[in-house]
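Novice: My structure is below; once you've seen it, I'll send some questions.
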Amino acid sequence: MSKEITSRQQDYSQWYNDLIIKGGLADYSAVRGCMVIKPYGFALWENMRDQLDKMFKDTGHQNAYFPLFIPKSFLSKEAAHIEGFAKECAVVTHYRLKNDPNGGGLVVDPEAKLEEELIIRPTSETIIWNTYKTWIQSYRDLPLLINQWANVVRWEMRTRLFLRTTEFLWQEGHTAHATATEAMAETMQMLGIYAEFAETFMAMPVIKGVKTANERFAGAVDTFCIEALMQDGKALQAGTSHFLGQNFAKAFDVKFSDKENKLDYVWATSWGVSTRLIGALVMAHSDDDGLVLPPKLAPIQVVIVPIFKGEEQKQQIDEKVIALVKELKQAGVKVKYDDNDNNRPGWKFAEYEMKGVPVRVAIGARDIANNVVEVARRDTKEKLSMPINGLAGNIIELLNTIQNSIYNKAAAFREANIAEANSWDQFLDILDNKGGFVSAHWDGTSKTEDKIKDLAKATIRCIPLNNPLSDGVCILTGKPSIQRVLFARAY
RNA sequence: CGGGGCGUAGCGUAGCCCGGUUAUCGCGCCUGCUUUGGGAGCAGGAGGUCGCAAGUUCGAAUCUUGCCGCCCCGACCA
């Protein structure tokens, strides 16, 4: 890869890290590869979590919680699964420390070695299916629709704030069904929920598709995903929904009796999204002045900044603001009145811009005299003068406008960054100079996919759902192809 | 694990090449006054194992060696 591209990547990483740190979402922690999610970042996560949780429950799912530790033997029961996760597992081998007899603090007590090592879950399929075995006997126990909100650990070589941390927060749904059809329907339903969440709440357009064998989840029959495009032209897998077939049921011997009293293995799905979504949100909308958060998820949707000289003016402003805050809160708007006198207005303006607060209202004596306020929108930096009468309604309308506007902007960006490539040179040229998704023919073999990854650093992000068939020849090998697939460089 | 960059106050940094008083500057912090429509001004003040260790030297932030840690780019990554 050229020096120019490397330096572009560096600049972009710097930009991304600054957004997160200056925006108050998270910080590096004392533990390598882990991060501290700060209150503002966690509030954002809670908003995402609450919305997703509601969507899961509306489709009949229930929450439960399974242990953090997984006996090593569980993990090895499904061959492909262990293959995929073994090299990034944190392992607990002892359960006690003691004072070093030679001085120098605490050491692991060698006598406290566990008989069987415990893996800190990288995902919970195994421990959950070990449990499902005892929960499922009859078709009457199905479908079993469980979700858990949890933390997981994957010991990746290289980490990146929110996008790939050693420990991360996520939700993982694990369902069991009587038929393949039902399980597949569940898989697609959850993919649809993720896509709806990304587009409606995160204002981030996504492409729904299916992964190729190379990119499939370890242990799945089919992996479906939503893929988003970041502003630097790289793709990001934002969520996955897996059709697991009977793989885990067979590995953990989970059978049920059907109506005819025939025994069969149950059919499974699993699906998840993580705090990576916050990284996606940051990269999808932000600009050089800081974060741009979609109103539907922003921890603070409206911030009100008073501008005053002396107590008398402050009281006049308070009077107007308190009424406005009350009205907005009643309408369910998350509003903050920042009348902290330690910081001046200009400081606050800059601060809330970095935090991505969608709407800022400034109100001073001058405004009160004219019965107006200054309303500024974060996404366009536009400033509007609005009458105090009917203000709450106008602000609510503006929040909706902003939500739509940033979605449209992101959608336009993505449309402008999906290109067709019909030759290898063109393929490389687009990846190096333009970025984005490249729609190209591929001969359908893993070998070719590997070779393309090796040569171009690009992977097949997905084969879009309802992908039109079209005859062509593979971008690399020239062999016949029946459809175009979406390639991109990815996070 | 390879390549690059870096480690000096809470944060960001100058000084290092070419060793020499009391380690520079900005932000932040504390006190006071004045301020408040785009990151305030003035005055005073607090805050330091110069990443760690050893070596060279009369003398080390600066030179040498070793180690540790961080960031970025690869490798790796549902």
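Chain labels run A, B, ... following the order of the structure tokens; each chain numbers its residues from 1, and ligands are numbered from 1 in the order shown.
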List as a ChimeraX atom specification the protein and nucleic acid residues near Ile430 in chain A, meaning an atom at most 12 Å away when only C-alpha atoms (C1' of nucleotides) are counted, but skip any in the same chain fewer than 4 places from it.
Specialist: /A:233-234,417-426,434-440,456,458,487-489
Novice: Residues of chain A within 7 Å of chain B: nearest atom pair and distance (Å, one decimal) for each, counting only C-alpha atoms (C1' of nucleotides), sorted by chain and number, as JSON lines?
Specialist:
```
{"residue": "A:Thr6", "atom": "CA", "partner": "B:C73", "partner_atom": "C1'", "distance": 6.5}
{"residue": "A:Gln10", "atom": "CA", "partner": "B:C72", "partner_atom": "C1'", "distance": 6.1}
{"residue": "A:Glu156", "atom": "CA", "partner": "B:C77", "partner_atom": "C1'", "distance": 6.6}
{"residue": "A:Met157", "atom": "CA", "partner": "B:C76", "partner_atom": "C1'", "distance": 5.9}
{"residue": "A:Arg216", "atom": "CA", "partner": "B:A78", "partner_atom": "C1'", "distance": 6.3}
{"residue": "A:Phe217", "atom": "CA", "partner": "B:A78", "partner_atom": "C1'", "distance": 4.2}
{"residue": "A:Ala218", "atom": "CA", "partner": "B:A78", "partner_atom": "C1'", "distance": 6.8}
{"residue": "A:Ile307", "atom": "CA", "partner": "B:U36", "partner_atom": "C1'", "distance": 6.6}
{"residue": "A:Phe308", "atom": "CA", "partner": "B:U36", "partner_atom": "C1'", "distance": 6.4}
{"residue": "A:Lys309", "atom": "CA", "partner": "B:U36", "partner_atom": "C1'", "distance": 6.5}
{"residue": "A:Arg344", "atom": "CA", "partner": "B:U36", "partner_atom": "C1'", "distance": 5.6}
{"residue": "A:Pro345", "atom": "CA", "partner": "B:U36", "partner_atom": "C1'", "distance": 6.8}
{"residue": "A:Gly346", "atom": "CA", "partner": "B:G38", "partner_atom": "C1'", "distance": 4.4}
{"residue": "A:Trp347", "atom": "CA", "partner": "B:G39", "partner_atom": "C1'", "distance": 4.1}
{"residue": "A:Phe349", "atom": "CA", "partner": "B:G38", "partner_atom": "C1'", "distance": 6.6}
{"residue": "A:Ala350", "atom": "CA", "partner": "B:G39", "partner_atom": "C1'", "distance": 6.2}
```
Novice: Could you please determine the separation between CA of Val221 in chain A and CA of Phe162 in chain A in Å, to one decimal place?
Specialist: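 Going from CA of Val221 in chain A over to CA of Phe162 in chain A covers 27.9 Å.
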Novice: Which one of A:Leu297, A:Ala180, A:Leu469, A:Ile317 sits closest to Val357 in chain A if you count only C-alpha atoms?
Specialist: A:Leu297
Novice: Name all residues at most 8 Å from Gly239 in chain A (count only C-alpha atoms (C1' of nucleotides); drop same-chain ones fewer than 2 positions away) and give them as a PDB file with C-alpha atoms, in the first residue's frame.
Specialist:
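Written file, result-v1.pdb:
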```
ATOM      1  CA  LEU A 191     -31.515  -8.921  10.401  1.00  0.00           C
ATOM      2  CA  TYR A 194     -30.949  -4.439  12.921  1.00  0.00           C
ATOM      3  CA  CYS A 225     -25.115  -9.001   7.998  1.00  0.00           C
ATOM      4  CA  ILE A 226     -25.755  -5.321   7.700  1.00  0.00           C
ATOM      5  CA  GLU A 227     -22.876  -3.431   6.141  1.00  0.00           C
ATOM      6  CA  GLN A 237     -19.992  -4.781   9.561  1.00  0.00           C
ATOM      7  CA  SER A 241     -27.632 -12.643  12.279  1.00  0.00           C
ATOM      8  CA  TRP A 271     -27.582 -12.624  16.354  1.00  0.00           C
ATOM      9  CA  GLY A 272     -25.715  -9.715  17.861  1.00  0.00           C
ATOM     10  CA  VAL A 273     -24.751  -6.092  17.797  1.00  0.00           C
ATOM     11  CA  SER A 274     -22.183  -4.442  20.014  1.00  0.00           C
TER      12      SER A 274
END
```
Novice: Would you kindly return, as a compact mmCIF listing (two decimals) with C-alpha atoms, in the first residue's frame, each protein, DNA or RNA residue with an atom no farther than 7 Å from any atom of Gln137 in chain A, considering only C-alpha atoms (C1' of nucleotides) and excluding same-chain residues fewer than 5 positions away?
Specialist:
```txt
# COMPACT_ATOMS: atom_id res chain seq x y z
CA LYS A 255 -33.29 -32.95 20.68
CA PHE A 256 -37.02 -32.48 20.88
CA SER A 257 -40.09 -34.68 20.27
```
Novice: With distances taken over only C-alpha atoms, which residue among A:Phe197, A:Tyr337, A:Trp267, A:Phe85 lies nearest Thr179 in chain A?
Specialist: A:Trp267
Novice: May I ask for the distance between CA of Val373 in chain A and CA of Pro358 in chain A, given in Å to one decimal place?
Specialist: 16.1 Å
Novice: Can you check which residues of range 180-408 of chain A DSSP gives as strand (DSSP E or B) on the backbone and send them as a ChimeraX atom specification?
Specialist: /A:207-210,222-229,235-245,255-257,263-265,267-274,287,290,302-307,335-337,359-364,372-377,383-387
